[in-house]
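query38.csv follows (CSV, C-alpha atoms):
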chain,number,residue,atom,x,y,z
M,1,MET,CA,-23.0,5.3,23.4
M,2,LYS,CA,-22.6,2.1,21.4
M,3,LYS,CA,-19.1,0.7,21.3
M,4,LEU,CA,-17.3,0.1,18.1
M,5,PRO,CA,-16.7,-3.5,17.0
M,6,VAL,CA,-13.2,-4.8,16.8
M,7,PHE,CA,-11.7,-3.8,13.5
M,8,THR,CA,-9.0,-6.4,13.1
M,9,LEU,CA,-5.9,-5.6,11.0
M,10,GLY,CA,-3.7,-7.5,8.7
M,11,VAL,CA,-0.7,-5.8,7.1
M,12,GLU,CA,1.4,-6.9,4.2
M,13,GLU,CA,4.8,-5.4,3.3
M,14,GLU,CA,7.1,-6.0,0.3
M,15,TYR,CA,10.8,-5.7,0.9
M,16,GLN,CA,13.8,-5.1,-1.4
M,17,ILE,CA,16.6,-7.6,-1.2
M,18,ILE,CA,19.8,-5.7,-1.9
M,19,ASP,CA,23.5,-6.5,-2.6
M,20,PRO,CA,25.6,-4.6,-0.1
M,21,GLU,CA,28.4,-4.1,-2.6
M,22,THR,CA,26.6,-2.9,-5.7
M,23,ARG,CA,23.5,-1.6,-3.9
M,24,ASP,CA,21.5,-3.2,-6.7
M,25,LEU,CA,18.6,-5.6,-6.2
M,26,LYS,CA,19.8,-9.1,-5.8
M,27,SER,CA,18.1,-12.5,-6.1
M,28,HIS,CA,18.0,-14.4,-2.8
M,29,LEU,CA,17.3,-17.6,-4.7
M,30,SER,CA,14.4,-18.3,-2.3
M,31,LYS,CA,16.8,-18.9,0.6
M,32,ILE,CA,15.3,-16.1,2.7
M,33,VAL,CA,11.8,-17.3,2.1
M,34,ASP,CA,12.7,-20.9,2.7
M,35,GLY,CA,14.5,-20.0,5.9
M,36,ALA,CA,11.7,-17.8,7.1
M,37,LYS,CA,9.0,-20.5,6.5
M,38,MET,CA,10.6,-22.7,9.1
M,39,LEU,CA,9.9,-20.0,11.7
M,40,LEU,CA,7.0,-18.0,10.2
M,41,ASN,CA,5.0,-20.5,8.0
M,42,GLU,CA,2.8,-18.6,5.6
M,43,GLN,CA,3.7,-15.2,6.9
M,44,VAL,CA,6.6,-14.9,4.4
M,45,LYS,CA,6.4,-15.6,0.7
M,46,ALA,CA,8.3,-15.1,-2.5
M,47,GLU,CA,7.0,-12.5,-5.1
M,48,MET,CA,7.2,-12.5,-8.9
M,49,HIS,CA,10.8,-11.1,-8.9
M,50,GLN,CA,13.4,-13.0,-6.9
M,51,SER,CA,14.7,-9.9,-5.3
M,52,VAL,CA,11.4,-9.3,-3.5
M,53,VAL,CA,10.2,-10.8,-0.2
M,54,GLU,CA,6.6,-10.3,1.0
M,55,VAL,CA,5.6,-10.6,4.6
M,56,GLY,CA,2.2,-10.5,6.2
M,57,THR,CA,1.1,-10.2,9.8
M,58,ASN,CA,-1.3,-12.6,11.5
M,59,ILE,CA,-4.8,-11.2,12.2
M,60,CYS,CA,-4.2,-8.5,14.8
M,61,LYS,CA,-6.9,-7.3,17.2
M,62,ASN,CA,-5.5,-3.8,17.4
M,63,ILE,CA,-2.8,-1.5,16.1
M,64,HIS,CA,-0.4,-2.4,18.9
M,65,GLU,CA,-0.4,-6.1,17.9
M,66,ALA,CA,0.2,-5.0,14.3
M,67,GLU,CA,3.1,-2.9,15.3
M,68,LYS,CA,4.7,-5.7,17.3
M,69,GLU,CA,4.3,-8.1,14.4
M,70,ILE,CA,5.7,-5.8,11.7
M,71,LYS,CA,8.8,-5.1,13.9
M,72,PHE,CA,9.3,-8.8,14.4
M,73,LEU,CA,8.9,-9.6,10.7
M,74,ARG,CA,11.3,-6.8,9.6
M,75,SER,CA,13.9,-7.9,12.2
M,76,LYS,CA,13.6,-11.5,11.1
M,77,ILE,CA,14.0,-10.7,7.4
M,78,VAL,CA,17.1,-8.5,8.1
M,79,GLU,CA,18.6,-11.4,10.1
M,80,LEU,CA,17.9,-14.0,7.4
M,81,ALA,CA,19.2,-11.7,4.6
M,82,GLY,CA,22.3,-11.0,6.7
M,83,ASN,CA,23.0,-14.8,6.8
M,84,GLN,CA,23.1,-14.6,2.9
M,85,ASN,CA,25.3,-11.5,3.0
M,86,LEU,CA,22.4,-9.4,1.8
M,87,ILE,CA,20.6,-6.3,3.1
M,88,VAL,CA,17.0,-5.1,3.1
M,89,GLY,CA,15.3,-1.9,2.1
M,90,ALA,CA,11.9,-0.4,1.8
M,91,ALA,CA,10.6,2.0,-0.9
M,92,GLY,CA,8.0,1.8,-3.6
M,93,THR,CA,10.7,1.4,-6.3
M,94,HIS,CA,14.4,0.8,-6.3
M,95,PRO,CA,16.4,3.9,-7.3
M,96,PHE,CA,18.3,2.4,-10.2
M,97,ALA,CA,17.6,-1.4,-10.6
M,98,LYS,CA,16.5,-2.4,-14.1
M,99,TRP,CA,13.6,-4.8,-14.3
M,100,GLN,CA,15.2,-6.6,-17.4
M,101,ASP,CA,18.0,-7.8,-15.0
M,102,GLN,CA,15.7,-9.3,-12.4
M,103,PRO,CA,15.1,-13.1,-12.5
M,104,ILE,CA,11.5,-14.3,-12.1
M,105,THR,CA,10.5,-16.7,-9.4
M,106,ASP,CA,9.9,-20.2,-10.7
M,107,ASP,CA,6.3,-20.6,-9.8
M,108,PRO,CA,3.3,-21.6,-12.0
M,109,ARG,CA,1.3,-18.6,-10.7
M,110,TYR,CA,3.9,-16.1,-11.9
M,111,HIS,CA,4.5,-18.0,-15.1
M,112,ASN,CA,0.8,-17.7,-15.9
M,113,ILE,CA,0.7,-14.0,-15.1
M,114,ILE,CA,3.8,-13.3,-17.3
M,115,ASN,CA,2.3,-15.5,-20.1
M,116,GLU,CA,-0.8,-13.3,-20.1
M,117,LEU,CA,0.6,-9.9,-19.4
M,118,GLN,CA,4.1,-10.2,-20.9
M,119,ASP,CA,6.4,-7.1,-20.4
M,120,ALA,CA,3.7,-5.4,-18.3
M,121,ALA,CA,4.3,-8.1,-15.7
M,122,ARG,CA,8.0,-8.5,-16.2
M,123,SER,CA,8.5,-4.7,-15.6
M,124,ASN,CA,6.3,-4.6,-12.5
M,125,LEU,CA,9.3,-4.2,-10.2
M,126,ILE,CA,7.4,-2.3,-7.5
M,127,PHE,CA,6.9,-2.6,-3.7
M,128,GLY,CA,3.7,-1.8,-1.8
M,129,MET,CA,2.1,-1.9,1.6
M,130,HIS,CA,-1.4,-3.5,1.9
M,131,CYS,CA,-3.7,-3.1,4.9
M,132,HIS,CA,-6.7,-5.4,5.6
M,133,VAL,CA,-9.5,-4.1,7.9
M,134,GLY,CA,-11.8,-6.8,9.1
M,135,ILE,CA,-15.6,-6.4,8.8
M,136,GLU,CA,-17.9,-9.4,9.1
M,137,ASN,CA,-20.9,-7.9,7.4
M,138,ARG,CA,-19.9,-7.8,3.7
M,139,GLU,CA,-22.9,-5.8,2.6
M,140,ILE,CA,-21.9,-3.0,5.0
M,141,ALA,CA,-18.2,-3.5,4.0
M,142,LEU,CA,-19.1,-2.9,0.4
M,143,GLN,CA,-20.8,0.4,1.2
M,144,LEU,CA,-17.9,1.5,3.3
M,145,MET,CA,-15.6,0.6,0.4
M,146,ASN,CA,-17.6,2.9,-1.9
M,147,GLN,CA,-17.4,5.8,0.6
M,148,ALA,CA,-13.7,5.2,1.6
M,149,CYS,CA,-12.7,5.6,-2.0
M,150,TYR,CA,-12.7,9.4,-1.5
M,151,PHE,CA,-9.9,9.2,1.0
M,152,LEU,CA,-7.6,7.1,-1.0
M,153,PRO,CA,-5.6,10.1,-2.5
M,154,HIS,CA,-5.1,11.5,1.0
M,155,ILE,CA,-3.7,8.2,2.3
M,156,PHE,CA,-1.6,7.7,-0.9
M,157,ALA,CA,-0.1,11.2,-0.6
M,158,LEU,CA,1.2,10.4,2.9
M,159,SER,CA,2.7,7.2,1.7
M,160,THR,CA,4.5,8.4,-1.4
M,161,ASN,CA,8.0,6.8,-1.5
M,162,SER,CA,9.0,6.1,-5.1
M,163,PRO,CA,10.5,9.1,-6.9
M,164,PHE,CA,13.2,7.2,-8.9
M,165,TRP,CA,12.9,4.6,-11.7
M,166,GLU,CA,15.7,2.9,-13.5
M,167,GLY,CA,18.3,5.5,-12.5
M,168,ARG,CA,16.1,8.5,-13.3
M,169,GLN,CA,14.4,11.1,-11.1
M,170,THR,CA,10.9,10.8,-12.5
M,171,GLY,CA,9.3,14.0,-11.3
M,172,TYR,CA,6.7,12.0,-9.4
M,173,LYS,CA,6.6,11.4,-5.7
M,174,SER,CA,5.1,8.0,-6.5
M,175,TYR,CA,6.2,6.5,-9.8
M,176,ARG,CA,5.2,3.0,-8.5
M,177,THR,CA,1.5,3.6,-9.4
M,178,LYS,CA,2.5,4.7,-12.9
M,179,VAL,CA,4.3,1.3,-13.4
M,180,PHE,CA,1.3,-0.6,-12.0
M,181,ASP,CA,-1.1,1.2,-14.2
M,182,LYS,CA,0.0,-1.1,-17.1
M,183,PHE,CA,-1.9,-4.0,-15.4
M,184,PRO,CA,-5.6,-4.5,-16.1
M,185,ARG,CA,-8.1,-4.1,-13.2
M,186,THR,CA,-5.9,-1.7,-11.3
M,187,GLY,CA,-6.5,1.9,-10.0
M,188,LEU,CA,-9.5,3.1,-8.2
M,189,PRO,CA,-12.4,0.6,-7.6
M,190,GLU,CA,-15.7,0.6,-9.4
M,191,TYR,CA,-18.8,1.7,-7.5
M,192,PHE,CA,-21.2,-1.2,-6.7
M,193,GLU,CA,-24.7,-0.6,-5.4
M,194,CYS,CA,-24.9,-3.9,-3.5
M,195,LEU,CA,-22.9,-7.0,-2.6
M,196,ALA,CA,-24.8,-9.1,-5.2
M,197,SER,CA,-23.7,-6.7,-7.9
M,198,TYR,CA,-20.1,-7.0,-6.9
M,199,GLU,CA,-20.2,-10.8,-6.7
M,200,ASN,CA,-21.9,-11.0,-10.1
M,201,TYR,CA,-19.1,-8.9,-11.5
M,202,LEU,CA,-16.5,-11.3,-10.1
M,203,GLU,CA,-18.4,-14.3,-11.3
M,204,THR,CA,-18.7,-12.9,-14.8
M,205,LEU,CA,-14.9,-12.3,-15.1
M,206,VAL,CA,-14.2,-15.8,-13.9
M,207,ARG,CA,-16.8,-17.5,-16.2
M,208,THR,CA,-15.5,-15.6,-19.2
M,209,ASN,CA,-11.9,-16.4,-18.6
M,210,CYS,CA,-10.9,-12.8,-18.0
M,211,ILE,CA,-9.4,-14.1,-14.7
M,212,ASP,CA,-9.0,-17.5,-13.1
M,213,ASN,CA,-9.1,-16.2,-9.6
M,214,PRO,CA,-11.0,-13.2,-8.1
M,215,LYS,CA,-7.8,-12.1,-6.4
M,216,LYS,CA,-6.7,-10.8,-9.8
M,217,ILE,CA,-8.7,-7.7,-9.1
M,218,TRP,CA,-5.8,-5.4,-8.2
M,219,TRP,CA,-7.7,-2.2,-7.4
M,220,ASP,CA,-6.3,0.4,-4.9
M,221,LEU,CA,-9.1,-0.7,-2.6
M,222,ARG,CA,-11.2,-3.9,-2.7
M,223,LEU,CA,-13.6,-6.0,-0.8
M,224,HIS,CA,-11.5,-9.1,-0.5
M,225,PRO,CA,-13.0,-12.0,-2.4
M,226,PHE,CA,-12.1,-14.6,0.2
M,227,TYR,CA,-11.7,-12.8,3.5
M,228,ASP,CA,-14.1,-10.6,5.4
M,229,THR,CA,-11.9,-7.6,5.0
M,230,ILE,CA,-11.6,-4.3,3.1
M,231,GLU,CA,-8.1,-4.3,1.6
M,232,PHE,CA,-6.4,-0.9,1.0
M,233,ARG,CA,-3.7,-1.5,-1.6
M,234,ILE,CA,-2.8,2.1,-2.7
M,235,CYS,CA,0.2,2.8,-0.5
M,236,ASP,CA,3.9,2.8,-1.5
M,237,MET,CA,6.1,0.7,0.7
M,238,SER,CA,7.1,2.8,3.8
M,239,LEU,CA,10.6,3.5,4.8
M,240,THR,CA,10.1,2.8,8.5
M,241,VAL,CA,7.8,0.8,10.8
M,242,GLN,CA,6.6,4.0,12.3
M,243,GLU,CA,5.3,5.3,8.9
M,244,THR,CA,3.6,1.9,8.1
M,245,ILE,CA,1.8,1.8,11.5
M,246,CYS,CA,0.8,5.5,11.2
M,247,LEU,CA,-0.8,4.8,7.8
M,248,VAL,CA,-2.5,1.6,9.0
M,249,SER,CA,-3.9,3.5,12.0
M,250,VAL,CA,-5.3,6.2,9.7
M,251,ILE,CA,-6.9,3.5,7.4
M,252,GLN,CA,-8.4,1.7,10.4
M,253,ALA,CA,-9.8,4.9,11.7
M,254,ILE,CA,-11.4,5.9,8.4
M,255,VAL,CA,-13.2,2.5,8.2
M,256,ALA,CA,-14.3,2.8,11.9
M,257,LYS,CA,-15.6,6.4,11.4
M,258,LEU,CA,-17.5,5.4,8.2
M,259,TYR,CA,-19.0,2.4,10.1
M,260,LYS,CA,-20.0,4.6,13.0
M,261,MET,CA,-21.8,6.9,10.5
M,262,ASN,CA,-23.5,3.9,8.9
M,263,GLN,CA,-24.8,2.7,12.3
M,264,ASN,CA,-26.2,6.2,12.9
M,265,ASN,CA,-28.0,6.1,9.5
M,266,MET,CA,-25.6,8.6,8.0
M,267,SER,CA,-23.2,8.1,5.1
M,268,PHE,CA,-20.3,10.0,3.5
M,269,ASN,CA,-20.8,11.5,0.1
M,270,ILE,CA,-19.8,9.2,-2.8
M,271,TYR,CA,-18.0,11.2,-5.5
M,272,ARG,CA,-17.4,10.4,-9.2
M,273,LEU,CA,-14.3,8.3,-9.9
M,274,ALA,CA,-13.3,10.8,-12.5
M,275,LEU,CA,-13.0,13.4,-9.8
M,276,ILE,CA,-11.1,11.2,-7.3
M,277,LYS,CA,-8.7,10.2,-10.2
M,278,GLU,CA,-7.7,13.9,-10.4
M,279,ASN,CA,-6.7,13.8,-6.7
M,280,LYS,CA,-4.9,10.5,-7.1
M,281,PHE,CA,-2.8,12.0,-9.9
M,282,ARG,CA,-2.0,15.0,-7.9
M,283,ALA,CA,-0.9,12.8,-4.9
M,284,ALA,CA,1.3,10.7,-7.2
M,285,ARG,CA,2.9,13.8,-8.8
M,286,TYR,CA,3.3,16.0,-5.8
M,287,GLY,CA,2.8,13.9,-2.7
M,288,ILE,CA,1.8,16.1,0.2
M,289,GLU,CA,3.4,19.2,-1.3
M,290,GLY,CA,0.8,20.1,-3.9
M,291,GLN,CA,-3.0,20.8,-3.9
M,292,MET,CA,-6.0,18.5,-4.2
M,293,ILE,CA,-9.6,19.3,-5.0
M,294,ASP,CA,-12.1,19.8,-2.2
M,295,PHE,CA,-15.1,18.5,-4.1
M,296,GLY,CA,-17.6,20.0,-1.6
M,297,LEU,CA,-16.1,23.5,-2.0
M,298,ARG,CA,-15.3,22.8,-5.7
M,299,LYS,CA,-11.9,24.5,-5.3
M,300,GLU,CA,-8.2,23.6,-4.9
M,301,VAL,CA,-6.9,23.3,-1.4
M,302,GLU,CA,-3.4,22.5,-0.1
M,303,THR,CA,-3.1,18.8,0.3
M,304,LYS,CA,-1.7,19.2,3.9
M,305,ILE,CA,-4.9,21.1,4.9
M,306,LEU,CA,-7.1,18.3,3.5
M,307,ILE,CA,-5.1,15.8,5.5
M,308,LEU,CA,-5.5,17.8,8.6
M,309,GLU,CA,-9.3,17.9,7.9
M,310,LEU,CA,-9.2,14.1,7.5
M,311,LEU,CA,-7.6,13.9,11.0
M,312,ASP,CA,-10.5,16.0,12.4
M,313,PHE,CA,-13.0,13.8,10.6
M,314,ILE,CA,-11.7,10.6,12.3
M,315,ASP,CA,-10.9,12.2,15.6
M,316,ASP,CA,-14.0,10.8,17.5
M,317,VAL,CA,-13.0,7.2,16.9
M,318,VAL,CA,-9.2,7.4,17.5
M,319,ASP,CA,-9.2,7.0,21.3
M,320,GLU,CA,-11.6,4.0,21.2
M,321,LEU,CA,-9.2,2.4,18.7
M,322,ASP,CA,-6.3,3.4,21.0
M,323,SER,CA,-4.3,4.7,18.1
M,324,ARG,CA,-3.9,8.4,18.8
M,325,ASP,CA,-0.1,8.3,19.3
M,326,HIS,CA,0.3,6.5,16.0
M,327,ILE,CA,-2.0,8.8,14.1
M,328,ASN,CA,-0.3,11.8,15.6
M,329,TYR,CA,2.8,10.8,13.6
M,330,VAL,CA,1.0,12.2,10.5
M,331,HIS,CA,2.1,15.6,11.8
M,332,GLU,CA,5.7,14.5,11.6
M,333,ILE,CA,5.2,13.4,8.0
M,334,LEU,CA,3.6,16.7,7.2
M,335,LYS,CA,6.5,18.6,8.8
M,336,ASN,CA,9.4,16.5,7.6
M,337,GLY,CA,8.2,15.1,4.3
M,338,THR,CA,7.3,11.7,3.0
M,339,GLY,CA,9.8,9.0,2.1
M,340,ALA,CA,9.9,10.4,-1.5
M,341,ALA,CA,10.9,13.9,-0.3
M,342,LYS,CA,13.6,12.4,1.9
M,343,GLN,CA,15.0,10.2,-0.9
M,344,ILE,CA,15.1,13.2,-3.2
M,345,ALA,CA,16.9,15.3,-0.5
M,346,VAL,CA,19.6,12.6,-0.2
M,347,TYR,CA,20.1,12.6,-3.9
M,348,GLU,CA,20.2,16.4,-4.2
M,349,GLU,CA,22.9,16.4,-1.5
M,350,THR,CA,25.0,13.5,-2.8
M,351,LYS,CA,24.1,13.2,-6.5
M,352,ASP,CA,24.6,9.5,-5.9
M,353,LEU,CA,21.7,7.0,-6.2
M,354,LYS,CA,23.8,4.4,-4.2
M,355,GLU,CA,23.6,6.8,-1.3
M,356,VAL,CA,19.8,6.9,-1.7
M,357,VAL,CA,19.9,3.0,-1.4
M,358,ASN,CA,22.0,3.4,1.7
M,359,PHE,CA,19.4,5.7,3.1
M,360,ILE,CA,16.4,3.4,2.5
M,361,THR,CA,18.3,0.4,3.9
M,362,THR,CA,19.3,2.4,7.1
M,363,GLU,CA,15.7,3.7,7.5
M,364,PHE,CA,14.3,0.1,7.2
M,365,THR,CA,15.7,-0.9,10.6
M,366,LYS,CA,14.8,2.3,12.5
M,367,GLY,CA,12.7,1.5,15.6
M,368,LEU,CA,13.4,-2.2,15.5

Written as structure tokens, how would this file's structure read?
Amino acid sequence: MKKLPVFTLGVEEEYQIIDPETRDLKSHLSKIVDGAKMLLNEQVKAEMHQSVVEVGTNICKNIHEAEKEIKFLRSKIVELAGNQNLIVGAAGTHPFAKWQDQPITDDPRYHNIINELQDAARSNLIFGMHCHVGIENREIALQLMNQACYFLPHIFALSTNSPFWEGRQTGYKSYRTKVFDKFPRTGLPEYFECLASYENYLETLVRTNCIDNPKKIWWDLRLHPFYDTIEFRICDMSLTVQETICLVSVIQAIVAKLYKMNQNNMSFNIYRLALIKENKFRAARYGIEGQMIDFGLRKEVETKILILELLDFIDDVVDELDSRDHINYVHEILKNGTGAAKQIAVYEETKDLKEVVNFITTEFTKGL
């Protein structure tokens, strides 16, 4: 049997920098990023808001390398934040911070985005996890992107971790996506029949001054314009390393399974975006607790059952990727709830959003 190629991984995480006294977000005045760059070069960078730090792994050959790097990066940011008397947390939104109070990073790139998008950009105080899966053949990668779109709500439901916004319980398990929806070129990706069609789309947007850079396609899943990767961008920021690595393992396995089918002259059904959007909404609203649509059966099915079916679908590639232990953590998420459910449980017990912040900062360092 033909061996799978190496599906390299790159993981990006966005962290909240928090004042230990007020539990509010706090500008680190680039000191954390500047300190990290001496050790980590381009693996750490500032984001639009000064209370956010983004980290990215190097290119990892497998899930074990990715886990080691994420643990190292989290540990280093905690250390550097501690030097500034600050703490670090991980969730898709901060429970009560107000975007109006957050200073913007002094960088031409962010000034340009704010000049164009105004309050839609200023209010984009959200935190995500992105996963790149390497594929050298971009034509195949595009076809896999088209097919993987179906699984985005399943992955998203497992990642939901942003139930609060500006001091309110929103009723959503992921309010982060509702905030990001205000941006153009977000949400589920368009279907493209071939690589030339995709590249023509990017070129058209640049030539007509819709964008100055193809990276301003902010879809939930995209064929990266500069790297030979498929980039999954739909996930909320995870509480723990274990959750991040679990989600990354599932994402890698989906790509590997779809690639294996492609090599055997098979392909996964491509469904209308209008239908997949229904499942994405349900994932945002209910996380893993609700129902999604099984398009093949044309009926509602418990989201947890569909996620178990996804695990069955990818099962024949998991051992070759050596990620079974990490993927098995999905069962823990299904049993104990996502980050959103855990945040809500803390709030229901304490009625105190500062205690929710305490929870997300404590969870951040688990397993390090």

Counting all atoms listed in the file, the option among M:Asn269, M:Asn264, M:Asn115, M:Gln16 closest to Ile77 of chain M:
M:Gln16

Residue with smallest distance to Lys26 of chain M - pool M:Thr365, M:Asn85, M:Gln43, M:Asn161, counting all atoms listed in the file:
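Among M:Thr365, M:Asn85, M:Gln43, M:Asn161, it is M:Asn85 that comes nearest to Lys26 of chain M.
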
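Of the residues under consideration (M:Pro103, M:Gly337, M:Gly10, M:Pro95), M:Pro95 shows the shortest atom-to-atom contact distance to Arg168 of chain M when counting only C-alpha atoms.
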
12 Å contact set for Glu116 of chain M, all atoms listed in the file, chain neighbours under 2 positions out, as a list of chain:residue names:
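The filter keeps M:Arg109, M:Tyr110, M:His111, M:Asn112, M:Ile113, M:Ile114, M:Gln118, M:Asp119, M:Ala120, M:Ala121, M:Arg122, M:Phe183, M:Pro184, M:Asn209, M:Cys210, M:Ile211, M:Asp212.
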
Using all atoms listed in the file, give me every residue within 8 Å of (-4.7, -3.3, -5.1) in file coordinates, as an NGL selection string.
:M and (130 or 186-187 or 217-222 or 231-234)

Can you pull out the residues contacting Leu25 of chain M? Cut-off 9 Å, using only C-alpha atoms, and skip same-chain residues under 4 positions away; I want them as a list in words.
Gln16, Ile17, Ile18, Asp19, Ser51, Val52, His94, Phe96, Ala97, Lys98 and Gln102 of chain M

Residue with smallest distance to Leu353 of chain M - pool M:Thr160, M:Asn279, M:Thr22, M:Gln263, counting all atoms listed in the file:
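Nearest candidate to Leu353 of chain M out of M:Thr160, M:Asn279, M:Thr22, M:Gln263: M:Thr22.
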
Name the closest residue to Ser162 of chain M among the candidates M:Lys31, M:Arg285, M:Lys68, M:Arg185; distances are taken between atoms, counting all atoms listed in the file.
M:Arg285

Where atoms are lacking, segment 4-11 of chain M completed to all heavy atoms, as a compact mmCIF listing (two decimals), in the coordinates of the input:
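Ended up saving to out19.txt:
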# COMPACT_ATOMS: atom_id res chain seq x y z
N LEU M 4 -17.71 0.62 19.38
CA LEU M 4 -17.30 0.10 18.10
C LEU M 4 -16.98 -1.34 18.13
O LEU M 4 -16.49 -1.82 19.15
CB LEU M 4 -16.07 0.90 17.57
CG LEU M 4 -16.23 2.38 17.19
CD1 LEU M 4 -14.86 3.00 16.98
CD2 LEU M 4 -17.08 2.52 15.93
N PRO M 5 -17.21 -2.08 17.05
CA PRO M 5 -16.70 -3.50 17.00
C PRO M 5 -15.20 -3.47 16.89
O PRO M 5 -14.56 -2.43 16.72
CB PRO M 5 -17.38 -4.03 15.75
CG PRO M 5 -17.64 -2.85 14.89
CD PRO M 5 -17.90 -1.70 15.81
N VAL M 6 -14.62 -4.66 17.00
CA VAL M 6 -13.20 -4.80 16.80
C VAL M 6 -12.87 -4.80 15.32
O VAL M 6 -13.33 -5.68 14.59
CB VAL M 6 -12.65 -6.08 17.47
CG1 VAL M 6 -11.17 -6.28 17.15
CG2 VAL M 6 -12.87 -6.04 18.98
N PHE M 7 -12.14 -3.81 14.87
CA PHE M 7 -11.70 -3.80 13.50
C PHE M 7 -10.35 -4.39 13.36
O PHE M 7 -9.33 -3.71 13.54
CB PHE M 7 -11.74 -2.34 12.92
CG PHE M 7 -13.10 -1.73 12.85
CD1 PHE M 7 -13.56 -0.87 13.84
CD2 PHE M 7 -13.96 -2.04 11.80
CE1 PHE M 7 -14.83 -0.32 13.78
CE2 PHE M 7 -15.24 -1.49 11.73
CZ PHE M 7 -15.67 -0.63 12.72
N THR M 8 -10.31 -5.70 13.11
CA THR M 8 -9.00 -6.40 13.10
C THR M 8 -8.18 -5.89 11.91
O THR M 8 -8.69 -5.29 10.95
CB THR M 8 -9.24 -7.92 12.88
OG1 THR M 8 -9.99 -8.15 11.68
CG2 THR M 8 -9.97 -8.52 14.08
N LEU M 9 -6.89 -6.13 12.02
CA LEU M 9 -5.90 -5.60 11.00
C LEU M 9 -5.05 -6.75 10.53
O LEU M 9 -4.67 -7.65 11.27
CB LEU M 9 -5.05 -4.54 11.67
CG LEU M 9 -5.74 -3.24 12.06
CD1 LEU M 9 -4.84 -2.41 12.96
CD2 LEU M 9 -6.17 -2.45 10.83
N GLY M 10 -4.73 -6.68 9.26
CA GLY M 10 -3.70 -7.50 8.70
C GLY M 10 -2.85 -6.62 7.76
O GLY M 10 -3.41 -5.84 6.98
N VAL M 11 -1.54 -6.68 7.89
CA VAL M 11 -0.70 -5.80 7.10
C VAL M 11 0.32 -6.64 6.31
O VAL M 11 0.92 -7.59 6.82
CB VAL M 11 0.14 -4.86 8.08
CG1 VAL M 11 0.97 -3.86 7.27
CG2 VAL M 11 -0.81 -4.11 9.01
